[in-house]
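This is run.cif. It holds mmCIF, N, CA and C atoms and all ligand atoms.
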data_data
loop_
_atom_site.label_atom_id
_atom_site.label_comp_id
_atom_site.auth_asym_id
_atom_site.auth_seq_id
_atom_site.Cartn_x
_atom_site.Cartn_y
_atom_site.Cartn_z
N MET A 25 -106.78 -94.77 -45.39
CA MET A 25 -105.86 -94.43 -44.29
C MET A 25 -105.77 -92.91 -44.13
N SER A 26 -105.66 -92.43 -42.88
CA SER A 26 -105.60 -90.98 -42.66
C SER A 26 -104.20 -90.43 -42.93
N THR A 27 -104.15 -89.16 -43.31
CA THR A 27 -102.87 -88.50 -43.58
C THR A 27 -102.14 -88.27 -42.26
N PRO A 28 -100.86 -88.67 -42.17
CA PRO A 28 -100.15 -88.45 -40.90
C PRO A 28 -99.96 -86.96 -40.62
N MET A 29 -100.06 -86.59 -39.32
CA MET A 29 -99.83 -85.19 -38.91
C MET A 29 -98.37 -84.83 -39.14
N PRO A 30 -98.07 -83.67 -39.74
CA PRO A 30 -96.66 -83.30 -39.88
C PRO A 30 -96.04 -83.01 -38.51
N LEU A 31 -94.85 -83.58 -38.27
CA LEU A 31 -94.20 -83.36 -36.98
C LEU A 31 -93.48 -82.01 -37.01
N PRO A 32 -93.63 -81.18 -35.97
CA PRO A 32 -92.90 -79.91 -35.95
C PRO A 32 -91.39 -80.17 -35.83
N VAL A 33 -90.60 -79.39 -36.57
CA VAL A 33 -89.14 -79.54 -36.49
C VAL A 33 -88.67 -78.88 -35.20
N VAL A 34 -88.08 -79.67 -34.32
CA VAL A 34 -87.60 -79.12 -33.06
C VAL A 34 -86.09 -79.28 -33.00
N ASP A 35 -85.41 -78.15 -33.03
CA ASP A 35 -83.95 -78.15 -32.91
C ASP A 35 -83.60 -77.76 -31.47
N PRO A 36 -82.78 -78.55 -30.79
CA PRO A 36 -82.51 -78.28 -29.39
C PRO A 36 -81.87 -76.92 -29.14
N LEU A 37 -80.96 -76.49 -30.02
CA LEU A 37 -80.30 -75.19 -29.81
C LEU A 37 -81.28 -74.05 -30.06
N MET A 38 -82.16 -74.24 -31.06
CA MET A 38 -83.19 -73.22 -31.33
C MET A 38 -84.18 -73.15 -30.17
N SER A 39 -84.48 -74.29 -29.58
CA SER A 39 -85.37 -74.31 -28.40
C SER A 39 -84.75 -73.55 -27.24
N ALA A 40 -83.45 -73.70 -27.06
CA ALA A 40 -82.75 -72.97 -25.99
C ALA A 40 -82.78 -71.47 -26.27
N ALA A 41 -82.63 -71.09 -27.53
CA ALA A 41 -82.68 -69.67 -27.91
C ALA A 41 -84.09 -69.12 -27.68
N ARG A 42 -85.08 -69.92 -28.02
CA ARG A 42 -86.48 -69.51 -27.83
C ARG A 42 -86.77 -69.25 -26.35
N GLN A 43 -86.26 -70.11 -25.50
CA GLN A 43 -86.44 -69.95 -24.05
C GLN A 43 -85.70 -68.72 -23.54
N ALA A 44 -84.49 -68.51 -24.05
CA ALA A 44 -83.67 -67.36 -23.61
C ALA A 44 -84.35 -66.05 -24.00
N ARG A 45 -85.04 -66.05 -25.11
CA ARG A 45 -85.75 -64.85 -25.59
C ARG A 45 -86.74 -64.34 -24.55
N GLU A 46 -87.30 -65.26 -23.77
CA GLU A 46 -88.27 -64.87 -22.74
C GLU A 46 -87.66 -63.92 -21.70
N GLN A 47 -86.34 -63.93 -21.56
CA GLN A 47 -85.66 -63.08 -20.57
C GLN A 47 -85.29 -61.73 -21.15
N ALA A 48 -85.61 -61.46 -22.40
CA ALA A 48 -85.20 -60.20 -23.03
C ALA A 48 -85.63 -59.00 -22.20
N TYR A 49 -84.73 -58.04 -22.08
CA TYR A 49 -85.06 -56.76 -21.43
C TYR A 49 -85.13 -55.75 -22.56
N ALA A 50 -86.34 -55.52 -23.06
CA ALA A 50 -86.51 -54.69 -24.26
C ALA A 50 -87.67 -53.71 -24.09
N PRO A 51 -87.57 -52.83 -23.05
CA PRO A 51 -88.69 -51.91 -22.80
C PRO A 51 -88.83 -50.83 -23.87
N TYR A 52 -87.78 -50.59 -24.66
CA TYR A 52 -87.81 -49.51 -25.65
C TYR A 52 -88.30 -50.01 -27.00
N SER A 53 -87.68 -51.04 -27.52
CA SER A 53 -88.09 -51.55 -28.84
C SER A 53 -89.25 -52.54 -28.73
N LYS A 54 -89.42 -53.14 -27.56
CA LYS A 54 -90.41 -54.22 -27.36
C LYS A 54 -90.14 -55.40 -28.30
N PHE A 55 -88.93 -55.47 -28.81
CA PHE A 55 -88.56 -56.53 -29.75
C PHE A 55 -87.62 -57.49 -29.03
N GLN A 56 -88.15 -58.68 -28.73
CA GLN A 56 -87.39 -59.65 -27.95
C GLN A 56 -86.63 -60.61 -28.85
N VAL A 57 -85.38 -60.85 -28.49
CA VAL A 57 -84.53 -61.75 -29.28
C VAL A 57 -83.85 -62.73 -28.33
N GLY A 58 -83.68 -63.96 -28.79
CA GLY A 58 -82.97 -64.97 -28.01
C GLY A 58 -81.88 -65.61 -28.84
N ALA A 59 -80.83 -66.06 -28.18
CA ALA A 59 -79.73 -66.73 -28.89
C ALA A 59 -79.16 -67.83 -28.00
N ALA A 60 -78.55 -68.81 -28.64
CA ALA A 60 -77.89 -69.89 -27.90
C ALA A 60 -76.69 -70.35 -28.71
N VAL A 61 -75.58 -70.56 -28.03
CA VAL A 61 -74.37 -71.03 -28.70
C VAL A 61 -73.91 -72.33 -28.04
N ARG A 62 -73.50 -73.26 -28.89
CA ARG A 62 -73.09 -74.59 -28.44
C ARG A 62 -71.57 -74.70 -28.54
N THR A 63 -70.97 -75.30 -27.53
CA THR A 63 -69.51 -75.47 -27.55
C THR A 63 -69.13 -76.90 -27.91
N ARG A 64 -67.88 -77.06 -28.35
CA ARG A 64 -67.33 -78.35 -28.75
C ARG A 64 -67.49 -79.39 -27.63
N ASP A 65 -67.35 -78.94 -26.37
CA ASP A 65 -67.47 -79.88 -25.25
C ASP A 65 -68.91 -80.04 -24.75
N GLY A 66 -69.88 -79.55 -25.56
CA GLY A 66 -71.28 -79.87 -25.28
C GLY A 66 -72.01 -78.90 -24.37
N ARG A 67 -71.39 -77.76 -24.08
CA ARG A 67 -72.10 -76.78 -23.25
C ARG A 67 -72.90 -75.83 -24.12
N THR A 68 -73.98 -75.30 -23.56
CA THR A 68 -74.81 -74.31 -24.26
C THR A 68 -74.85 -73.04 -23.43
N PHE A 69 -74.57 -71.92 -24.07
CA PHE A 69 -74.69 -70.61 -23.43
C PHE A 69 -75.79 -69.85 -24.13
N THR A 70 -76.65 -69.21 -23.36
CA THR A 70 -77.78 -68.50 -23.96
C THR A 70 -77.67 -67.00 -23.70
N GLY A 71 -78.44 -66.24 -24.48
CA GLY A 71 -78.45 -64.79 -24.30
C GLY A 71 -79.74 -64.19 -24.81
N CYS A 72 -80.06 -63.02 -24.28
CA CYS A 72 -81.21 -62.25 -24.76
C CYS A 72 -80.72 -60.82 -25.00
N ASN A 73 -81.54 -60.01 -25.67
CA ASN A 73 -81.14 -58.62 -25.81
C ASN A 73 -81.41 -57.86 -24.51
N VAL A 74 -80.52 -56.93 -24.21
CA VAL A 74 -80.59 -56.13 -22.99
C VAL A 74 -80.48 -54.66 -23.41
N GLU A 75 -81.58 -53.93 -23.25
CA GLU A 75 -81.61 -52.54 -23.74
C GLU A 75 -81.28 -51.54 -22.63
N ASN A 76 -81.10 -50.30 -23.05
CA ASN A 76 -80.73 -49.23 -22.11
C ASN A 76 -81.37 -47.94 -22.58
N ALA A 77 -81.70 -47.04 -21.63
CA ALA A 77 -82.27 -45.74 -21.97
C ALA A 77 -81.32 -44.95 -22.87
N ALA A 78 -80.04 -45.19 -22.73
CA ALA A 78 -79.07 -44.67 -23.70
C ALA A 78 -79.02 -45.71 -24.83
N TYR A 79 -79.82 -45.48 -25.86
CA TYR A 79 -80.10 -46.53 -26.84
C TYR A 79 -78.87 -47.23 -27.42
N GLY A 80 -77.80 -46.47 -27.59
CA GLY A 80 -76.59 -47.04 -28.19
C GLY A 80 -75.96 -48.15 -27.37
N LEU A 81 -76.38 -48.26 -26.12
CA LEU A 81 -75.81 -49.30 -25.25
C LEU A 81 -76.57 -50.63 -25.34
N CYS A 82 -77.64 -50.65 -26.11
CA CYS A 82 -78.43 -51.89 -26.23
C CYS A 82 -77.53 -53.02 -26.71
N ASN A 83 -77.64 -54.16 -26.05
CA ASN A 83 -76.83 -55.32 -26.45
C ASN A 83 -77.73 -56.42 -27.01
N CYS A 84 -77.33 -56.94 -28.15
CA CYS A 84 -78.12 -57.97 -28.83
C CYS A 84 -78.00 -59.33 -28.14
N ALA A 85 -78.97 -60.18 -28.40
CA ALA A 85 -79.00 -61.53 -27.84
C ALA A 85 -77.76 -62.34 -28.26
N GLU A 86 -77.37 -62.20 -29.51
CA GLU A 86 -76.23 -62.98 -30.02
C GLU A 86 -74.96 -62.65 -29.24
N ARG A 87 -74.73 -61.33 -29.03
CA ARG A 87 -73.52 -60.95 -28.29
C ARG A 87 -73.62 -61.32 -26.82
N THR A 88 -74.82 -61.24 -26.24
CA THR A 88 -74.97 -61.65 -24.84
C THR A 88 -74.56 -63.12 -24.70
N ALA A 89 -75.02 -63.97 -25.61
CA ALA A 89 -74.71 -65.41 -25.54
C ALA A 89 -73.21 -65.65 -25.73
N LEU A 90 -72.64 -65.02 -26.75
CA LEU A 90 -71.21 -65.25 -27.02
C LEU A 90 -70.33 -64.68 -25.91
N PHE A 91 -70.68 -63.50 -25.39
CA PHE A 91 -69.87 -62.90 -24.33
C PHE A 91 -70.00 -63.70 -23.04
N SER A 92 -71.17 -64.26 -22.81
CA SER A 92 -71.36 -65.10 -21.63
C SER A 92 -70.45 -66.32 -21.71
N ALA A 93 -70.34 -66.89 -22.91
CA ALA A 93 -69.46 -68.05 -23.10
C ALA A 93 -68.00 -67.66 -22.89
N VAL A 94 -67.62 -66.51 -23.40
CA VAL A 94 -66.23 -66.04 -23.21
C VAL A 94 -65.96 -65.80 -21.73
N ALA A 95 -66.94 -65.23 -21.04
CA ALA A 95 -66.77 -64.96 -19.60
C ALA A 95 -66.60 -66.26 -18.81
N ALA A 96 -67.13 -67.36 -19.38
CA ALA A 96 -66.98 -68.68 -18.72
C ALA A 96 -65.70 -69.38 -19.15
N GLY A 97 -64.91 -68.70 -20.00
CA GLY A 97 -63.60 -69.27 -20.37
C GLY A 97 -63.49 -69.75 -21.81
N CYS A 98 -64.59 -69.70 -22.57
CA CYS A 98 -64.54 -70.17 -23.96
C CYS A 98 -63.70 -69.22 -24.81
N ARG A 99 -63.08 -69.76 -25.84
CA ARG A 99 -62.20 -69.00 -26.72
C ARG A 99 -62.47 -69.40 -28.17
N PRO A 100 -61.95 -68.62 -29.15
CA PRO A 100 -62.14 -69.00 -30.56
C PRO A 100 -61.72 -70.46 -30.77
N GLY A 101 -62.52 -71.18 -31.54
CA GLY A 101 -62.25 -72.60 -31.76
C GLY A 101 -63.13 -73.48 -30.89
N ASP A 102 -63.74 -72.90 -29.86
CA ASP A 102 -64.56 -73.69 -28.93
C ASP A 102 -66.02 -73.81 -29.38
N PHE A 103 -66.44 -72.98 -30.34
CA PHE A 103 -67.86 -72.92 -30.69
C PHE A 103 -68.20 -73.78 -31.91
N VAL A 104 -69.37 -74.43 -31.87
CA VAL A 104 -69.75 -75.29 -33.00
C VAL A 104 -71.05 -74.87 -33.69
N GLN A 105 -71.92 -74.16 -32.98
CA GLN A 105 -73.19 -73.75 -33.60
C GLN A 105 -73.83 -72.63 -32.80
N LEU A 106 -74.54 -71.75 -33.54
CA LEU A 106 -75.26 -70.65 -32.90
C LEU A 106 -76.68 -70.64 -33.44
N ALA A 107 -77.64 -70.35 -32.58
CA ALA A 107 -79.04 -70.21 -33.02
C ALA A 107 -79.59 -68.88 -32.52
N VAL A 108 -80.38 -68.23 -33.36
CA VAL A 108 -80.98 -66.93 -33.02
C VAL A 108 -82.46 -66.99 -33.39
N ILE A 109 -83.30 -66.37 -32.55
CA ILE A 109 -84.74 -66.38 -32.82
C ILE A 109 -85.39 -65.06 -32.40
N ALA A 110 -86.38 -64.62 -33.19
CA ALA A 110 -87.15 -63.42 -32.87
C ALA A 110 -88.52 -63.54 -33.54
N ASP A 111 -89.39 -62.60 -33.21
CA ASP A 111 -90.74 -62.62 -33.80
C ASP A 111 -90.74 -61.81 -35.10
N THR A 112 -90.13 -62.36 -36.10
CA THR A 112 -89.98 -61.72 -37.41
C THR A 112 -90.78 -62.50 -38.45
N PRO A 113 -91.13 -61.86 -39.58
CA PRO A 113 -91.91 -62.58 -40.60
C PRO A 113 -91.16 -63.79 -41.16
N GLY A 114 -89.86 -63.62 -41.35
CA GLY A 114 -89.00 -64.74 -41.79
C GLY A 114 -87.93 -64.94 -40.73
N PRO A 115 -86.93 -65.77 -41.04
CA PRO A 115 -85.84 -65.96 -40.08
C PRO A 115 -85.17 -64.63 -39.75
N VAL A 116 -84.84 -64.39 -38.48
CA VAL A 116 -84.24 -63.12 -38.04
C VAL A 116 -82.86 -62.95 -38.69
N SER A 117 -82.52 -61.70 -38.98
CA SER A 117 -81.22 -61.42 -39.61
C SER A 117 -80.34 -60.64 -38.63
N PRO A 118 -79.24 -61.23 -38.16
CA PRO A 118 -78.39 -60.58 -37.15
C PRO A 118 -77.80 -59.25 -37.64
N CYS A 119 -77.60 -58.31 -36.71
CA CYS A 119 -77.06 -57.00 -37.07
C CYS A 119 -75.56 -57.10 -37.38
N GLY A 120 -75.03 -56.03 -37.94
CA GLY A 120 -73.62 -56.01 -38.35
C GLY A 120 -72.66 -56.19 -37.19
N ALA A 121 -72.97 -55.59 -36.04
CA ALA A 121 -72.08 -55.70 -34.87
C ALA A 121 -71.96 -57.16 -34.45
N CYS A 122 -73.10 -57.86 -34.41
CA CYS A 122 -73.07 -59.27 -34.00
C CYS A 122 -72.34 -60.13 -35.03
N ARG A 123 -72.50 -59.79 -36.29
CA ARG A 123 -71.78 -60.55 -37.34
C ARG A 123 -70.27 -60.41 -37.15
N GLN A 124 -69.82 -59.20 -36.80
CA GLN A 124 -68.39 -58.99 -36.58
C GLN A 124 -67.91 -59.76 -35.34
N VAL A 125 -68.73 -59.80 -34.30
CA VAL A 125 -68.36 -60.54 -33.09
C VAL A 125 -68.33 -62.05 -33.38
N MET A 126 -69.30 -62.53 -34.16
CA MET A 126 -69.27 -63.95 -34.58
C MET A 126 -67.98 -64.25 -35.33
N ALA A 127 -67.60 -63.33 -36.25
CA ALA A 127 -66.41 -63.54 -37.07
C ALA A 127 -65.14 -63.57 -36.21
N GLU A 128 -65.14 -62.83 -35.11
CA GLU A 128 -63.99 -62.80 -34.21
C GLU A 128 -63.84 -64.13 -33.46
N LEU A 129 -64.98 -64.68 -33.03
CA LEU A 129 -64.94 -65.81 -32.09
C LEU A 129 -65.19 -67.18 -32.72
N CYS A 130 -65.82 -67.19 -33.91
CA CYS A 130 -66.24 -68.47 -34.49
C CYS A 130 -65.56 -68.70 -35.85
N ASP A 131 -65.40 -69.96 -36.23
CA ASP A 131 -64.89 -70.29 -37.56
C ASP A 131 -65.88 -69.80 -38.62
N GLY A 132 -65.36 -69.43 -39.77
CA GLY A 132 -66.21 -68.99 -40.88
C GLY A 132 -67.18 -70.07 -41.33
N THR A 133 -66.81 -71.32 -41.14
CA THR A 133 -67.65 -72.44 -41.58
C THR A 133 -68.71 -72.82 -40.54
N MET A 134 -68.68 -72.17 -39.38
CA MET A 134 -69.61 -72.57 -38.30
C MET A 134 -71.06 -72.30 -38.69
N PRO A 135 -71.92 -73.30 -38.55
CA PRO A 135 -73.34 -73.11 -38.87
C PRO A 135 -74.06 -72.15 -37.90
N VAL A 136 -74.89 -71.30 -38.48
CA VAL A 136 -75.73 -70.38 -37.71
C VAL A 136 -77.18 -70.64 -38.12
N LEU A 137 -78.01 -70.98 -37.15
CA LEU A 137 -79.44 -71.21 -37.40
C LEU A 137 -80.20 -69.93 -37.10
N LEU A 138 -80.96 -69.47 -38.09
CA LEU A 138 -81.77 -68.27 -37.92
C LEU A 138 -83.23 -68.70 -37.96
N GLY A 139 -83.99 -68.26 -36.97
CA GLY A 139 -85.38 -68.71 -36.90
C GLY A 139 -86.34 -67.61 -36.53
N ASN A 140 -87.62 -67.97 -36.55
CA ASN A 140 -88.65 -67.07 -36.01
C ASN A 140 -89.62 -67.87 -35.16
N LEU A 141 -90.52 -67.17 -34.49
CA LEU A 141 -91.42 -67.84 -33.56
C LEU A 141 -92.36 -68.81 -34.25
N ALA A 142 -92.67 -68.52 -35.53
CA ALA A 142 -93.60 -69.37 -36.27
C ALA A 142 -92.98 -70.70 -36.68
N GLY A 143 -91.66 -70.81 -36.50
CA GLY A 143 -91.00 -72.08 -36.82
C GLY A 143 -90.19 -72.07 -38.09
N ALA A 144 -90.12 -70.92 -38.77
CA ALA A 144 -89.25 -70.83 -39.95
C ALA A 144 -87.81 -70.99 -39.49
N MET A 145 -87.01 -71.68 -40.28
CA MET A 145 -85.61 -71.87 -39.90
C MET A 145 -84.74 -71.93 -41.15
N GLU A 146 -83.60 -71.25 -41.05
CA GLU A 146 -82.68 -71.18 -42.18
C GLU A 146 -81.29 -71.41 -41.62
N GLU A 147 -80.48 -72.19 -42.32
CA GLU A 147 -79.11 -72.40 -41.86
C GLU A 147 -78.14 -71.66 -42.75
N THR A 148 -77.25 -70.90 -42.12
CA THR A 148 -76.21 -70.21 -42.88
C THR A 148 -74.90 -70.43 -42.13
N THR A 149 -73.86 -69.68 -42.49
CA THR A 149 -72.59 -69.80 -41.77
C THR A 149 -72.10 -68.41 -41.39
N VAL A 150 -71.16 -68.39 -40.47
CA VAL A 150 -70.57 -67.12 -40.02
C VAL A 150 -69.92 -66.40 -41.20
N GLY A 151 -69.22 -67.14 -42.04
CA GLY A 151 -68.54 -66.54 -43.19
C GLY A 151 -69.50 -65.97 -44.23
N THR A 152 -70.64 -66.61 -44.37
CA THR A 152 -71.66 -66.11 -45.31
C THR A 152 -72.29 -64.83 -44.75
N LEU A 153 -72.49 -64.80 -43.43
CA LEU A 153 -73.12 -63.62 -42.82
C LEU A 153 -72.22 -62.39 -42.90
N LEU A 154 -70.90 -62.61 -42.82
CA LEU A 154 -69.98 -61.47 -42.91
C LEU A 154 -68.70 -61.83 -43.66
N PRO A 155 -68.78 -61.76 -45.00
CA PRO A 155 -67.54 -61.99 -45.75
C PRO A 155 -66.63 -60.78 -45.57
N GLY A 156 -65.35 -61.01 -45.54
CA GLY A 156 -64.37 -59.92 -45.42
C GLY A 156 -64.41 -59.20 -44.10
N SER A 157 -64.63 -59.97 -43.02
CA SER A 157 -64.70 -59.35 -41.69
C SER A 157 -63.38 -58.66 -41.33
N PHE A 158 -63.46 -57.66 -40.49
CA PHE A 158 -62.26 -56.94 -40.07
C PHE A 158 -61.38 -57.81 -39.19
N ARG A 159 -60.07 -57.78 -39.47
CA ARG A 159 -59.07 -58.44 -38.62
C ARG A 159 -57.86 -57.54 -38.52
N LEU A 160 -57.22 -57.54 -37.39
CA LEU A 160 -56.00 -56.74 -37.27
C LEU A 160 -54.90 -57.38 -38.12
N PRO A 161 -54.08 -56.56 -38.77
CA PRO A 161 -53.01 -57.12 -39.60
C PRO A 161 -51.97 -57.84 -38.75
O1 LIG A 201 -80.31 -59.88 -34.46
C1 LIG A 201 -80.73 -59.04 -33.62
C2 LIG A 201 -81.37 -57.86 -34.00
C3 LIG A 201 -81.79 -57.00 -32.99
N1 LIG A 201 -81.58 -57.31 -31.68
C4 LIG A 201 -82.08 -56.43 -30.62
C5 LIG A 201 -81.32 -55.15 -30.38
C6 LIG A 201 -82.40 -54.27 -29.79
O2 LIG A 201 -82.53 -54.55 -28.39
C7 LIG A 201 -83.67 -54.74 -30.46
C8 LIG A 201 -84.12 -53.85 -31.62
O3 LIG A 201 -83.10 -53.68 -32.54
O4 LIG A 201 -83.41 -56.04 -30.93
C9 LIG A 201 -80.97 -58.48 -31.31
O5 LIG A 201 -80.82 -58.78 -30.13
N2 LIG A 201 -80.55 -59.30 -32.30
ZN ZN A 202 -76.75 -57.64 -33.08
#
What does the file become when written as structure tokens?
Amino acid sequence: MSTPMPLPVVDPLMSAARQAREQAYAPYSKFQVGAAVRTRDGRTFTGCNVENAAYGLCNCAERTALFSAVAAGCRPGDFVQLAVIADTPGPVSPCGACRQVMAELCDGTMPVLLGNLAGAMEETTVGTLLPGSFRLP
């Protein structure tokens, strides 16, 4: 009998992030990133990185997705999962600014899927990505 072909792991939220990455505006770094966030009521918001000639204004894919959801009315407690993807050797690692924004809007226990174009995927949580996040007293 022949060996069965391994089936590629396809995660729907990661697929949405992969598609969103195609919209990245990254003329400076040429590094495209995509993100997708899922809400409790089943909606998906996507984002890509958007760069600027004033480099400090560059916005990451993760924040684009989360801010887009907030602009549509979502609030802390509404999010259930986030996926991020980039062309990295291993799963992409979100920057500190995005980790702080995740900590503001998402539960610490919320799963975050980190992936790359080759199909590597790692699951972590918001709390693991940023322990001791800043909060106003
Ligand atoms: O997790 C990350 C890391 C980087 N970037 C963007 C910011 C900038 O446009 C480019 C290079 O840092 O990648 C993201 O969108 N998400
Ligand atoms: Zn970031």
10 Å shell around ligand LIG 201 (chain A) using only C-alpha atoms and all ligand atoms, listed as number ranges by chain: A: 45, 48-59, 71-76, 79-88, 108-110, 115-123, 138
Please return, as JSON, numbers by chain, all residues of chain A that DSSP assigns to strand (DSSP E or B) on the basis of the backbone. {"A": [49, 57, 58, 59, 60, 61, 62, 63, 68, 69, 70, 71, 72, 74, 83, 103, 104, 105, 106, 107, 108, 109, 110, 135, 136, 137, 138, 139, 140, 145, 146, 147, 148, 149]}
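Residue nearest A:Asp102 within the list A:Leu129, A:Ala89, A:Leu153, A:Leu141: A:Leu129 [criterion: smallest interatomic distance, all atoms listed in the file].
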When DSSP is applied to the backbone of this structure, which of stretch 65-140 of chain A are assigned alpha helix (DSSP H)? Write them out as a PyMOL selection string. chain A and resi 85-95+120-129
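By only C-alpha atoms, and with residues fewer than 5 positions from A:Thr149 along its chain excluded, the set lying at most 12 Å from it is Val104, Gln105, Leu106, Ala107, Pro118, Arg123, Met126, Ala127, Cys130, Asp131, Gly132, Thr133, Met134, Pro135, Val136, Leu137, Leu138, Leu154 and Pro155 of chain A.
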Quick one: write out the picked residues with N, CA and C atoms as a CSV table (one decimal), in the frame of the given file?
chain,number,residue,atom,x,y,z
A,104,VAL,N,-69.4,-74.4,-31.9
A,104,VAL,CA,-69.8,-75.3,-33.0
A,104,VAL,C,-71.0,-74.9,-33.7
A,105,GLN,N,-71.9,-74.2,-33.0
A,105,GLN,CA,-73.2,-73.8,-33.6
A,105,GLN,C,-73.8,-72.6,-32.8
A,106,LEU,N,-74.5,-71.8,-33.5
A,106,LEU,CA,-75.3,-70.6,-32.9
A,106,LEU,C,-76.7,-70.6,-33.4
A,107,ALA,N,-77.6,-70.4,-32.6
A,107,ALA,CA,-79.0,-70.2,-33.0
A,107,ALA,C,-79.6,-68.9,-32.5
A,118,PRO,N,-79.2,-61.2,-38.2
A,118,PRO,CA,-78.4,-60.6,-37.2
A,118,PRO,C,-77.8,-59.2,-37.6
A,123,ARG,N,-72.5,-59.8,-36.3
A,123,ARG,CA,-71.8,-60.6,-37.3
A,123,ARG,C,-70.3,-60.4,-37.2
A,126,MET,N,-69.3,-62.5,-34.2
A,126,MET,CA,-69.3,-64.0,-34.6
A,126,MET,C,-68.0,-64.2,-35.3
A,127,ALA,N,-67.6,-63.3,-36.2
A,127,ALA,CA,-66.4,-63.5,-37.1
A,127,ALA,C,-65.1,-63.6,-36.2
A,130,CYS,N,-65.8,-67.2,-33.9
A,130,CYS,CA,-66.2,-68.5,-34.5
A,130,CYS,C,-65.6,-68.7,-35.8
A,131,ASP,N,-65.4,-70.0,-36.2
A,131,ASP,CA,-64.9,-70.3,-37.6
A,131,ASP,C,-65.9,-69.8,-38.6
A,132,GLY,N,-65.4,-69.4,-39.8
A,132,GLY,CA,-66.2,-69.0,-40.9
A,132,GLY,C,-67.2,-70.1,-41.3
A,133,THR,N,-66.8,-71.3,-41.1
A,133,THR,CA,-67.6,-72.4,-41.6
A,133,THR,C,-68.7,-72.8,-40.5
A,134,MET,N,-68.7,-72.2,-39.4
A,134,MET,CA,-69.6,-72.6,-38.3
A,134,MET,C,-71.1,-72.3,-38.7
A,135,PRO,N,-71.9,-73.3,-38.6
A,135,PRO,CA,-73.3,-73.1,-38.9
A,135,PRO,C,-74.1,-72.2,-37.9
A,136,VAL,N,-74.9,-71.3,-38.5
A,136,VAL,CA,-75.7,-70.4,-37.7
A,136,VAL,C,-77.2,-70.6,-38.1
A,137,LEU,N,-78.0,-71.0,-37.2
A,137,LEU,CA,-79.4,-71.2,-37.4
A,137,LEU,C,-80.2,-69.9,-37.1
A,138,LEU,N,-81.0,-69.5,-38.1
A,138,LEU,CA,-81.8,-68.3,-37.9
A,138,LEU,C,-83.2,-68.7,-38.0
A,154,LEU,N,-70.9,-62.6,-42.8
A,154,LEU,CA,-70.0,-61.5,-42.9
A,154,LEU,C,-68.7,-61.8,-43.7
A,155,PRO,N,-68.8,-61.8,-45.0
A,155,PRO,CA,-67.5,-62.0,-45.8
A,155,PRO,C,-66.6,-60.8,-45.6
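Computed from the coordinates, the atom CA of A:Gly151 to atom C of A:Ala96 distance equals 24.4 Å.
Separating atom C of A:Ala40 from atom N of A:Arg62 is a distance of 9.8 Å.
Minimum distance to A:Glu128 across A:Gly156, A:Gly97, A:Gly66, A:Gly143 (counting only C-alpha atoms) occurs at A:Gly156.
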Between atom CA of A:Pro113 and atom N of A:Gln47, distance in Å (one decimal): 19.9 Å
Minimum-distance residue to ligand ZN 202 (chain A), chosen among A:Val34, A:Met29, A:Val125, A:Ala93 (using only C-alpha atoms and all ligand atoms): A:Val125
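Closest approach to ligand ZN 202 (chain A) among A:Ala78, A:Leu90, A:Val33, A:Leu160 is made by A:Leu90 (distances from only C-alpha atoms and all ligand atoms).
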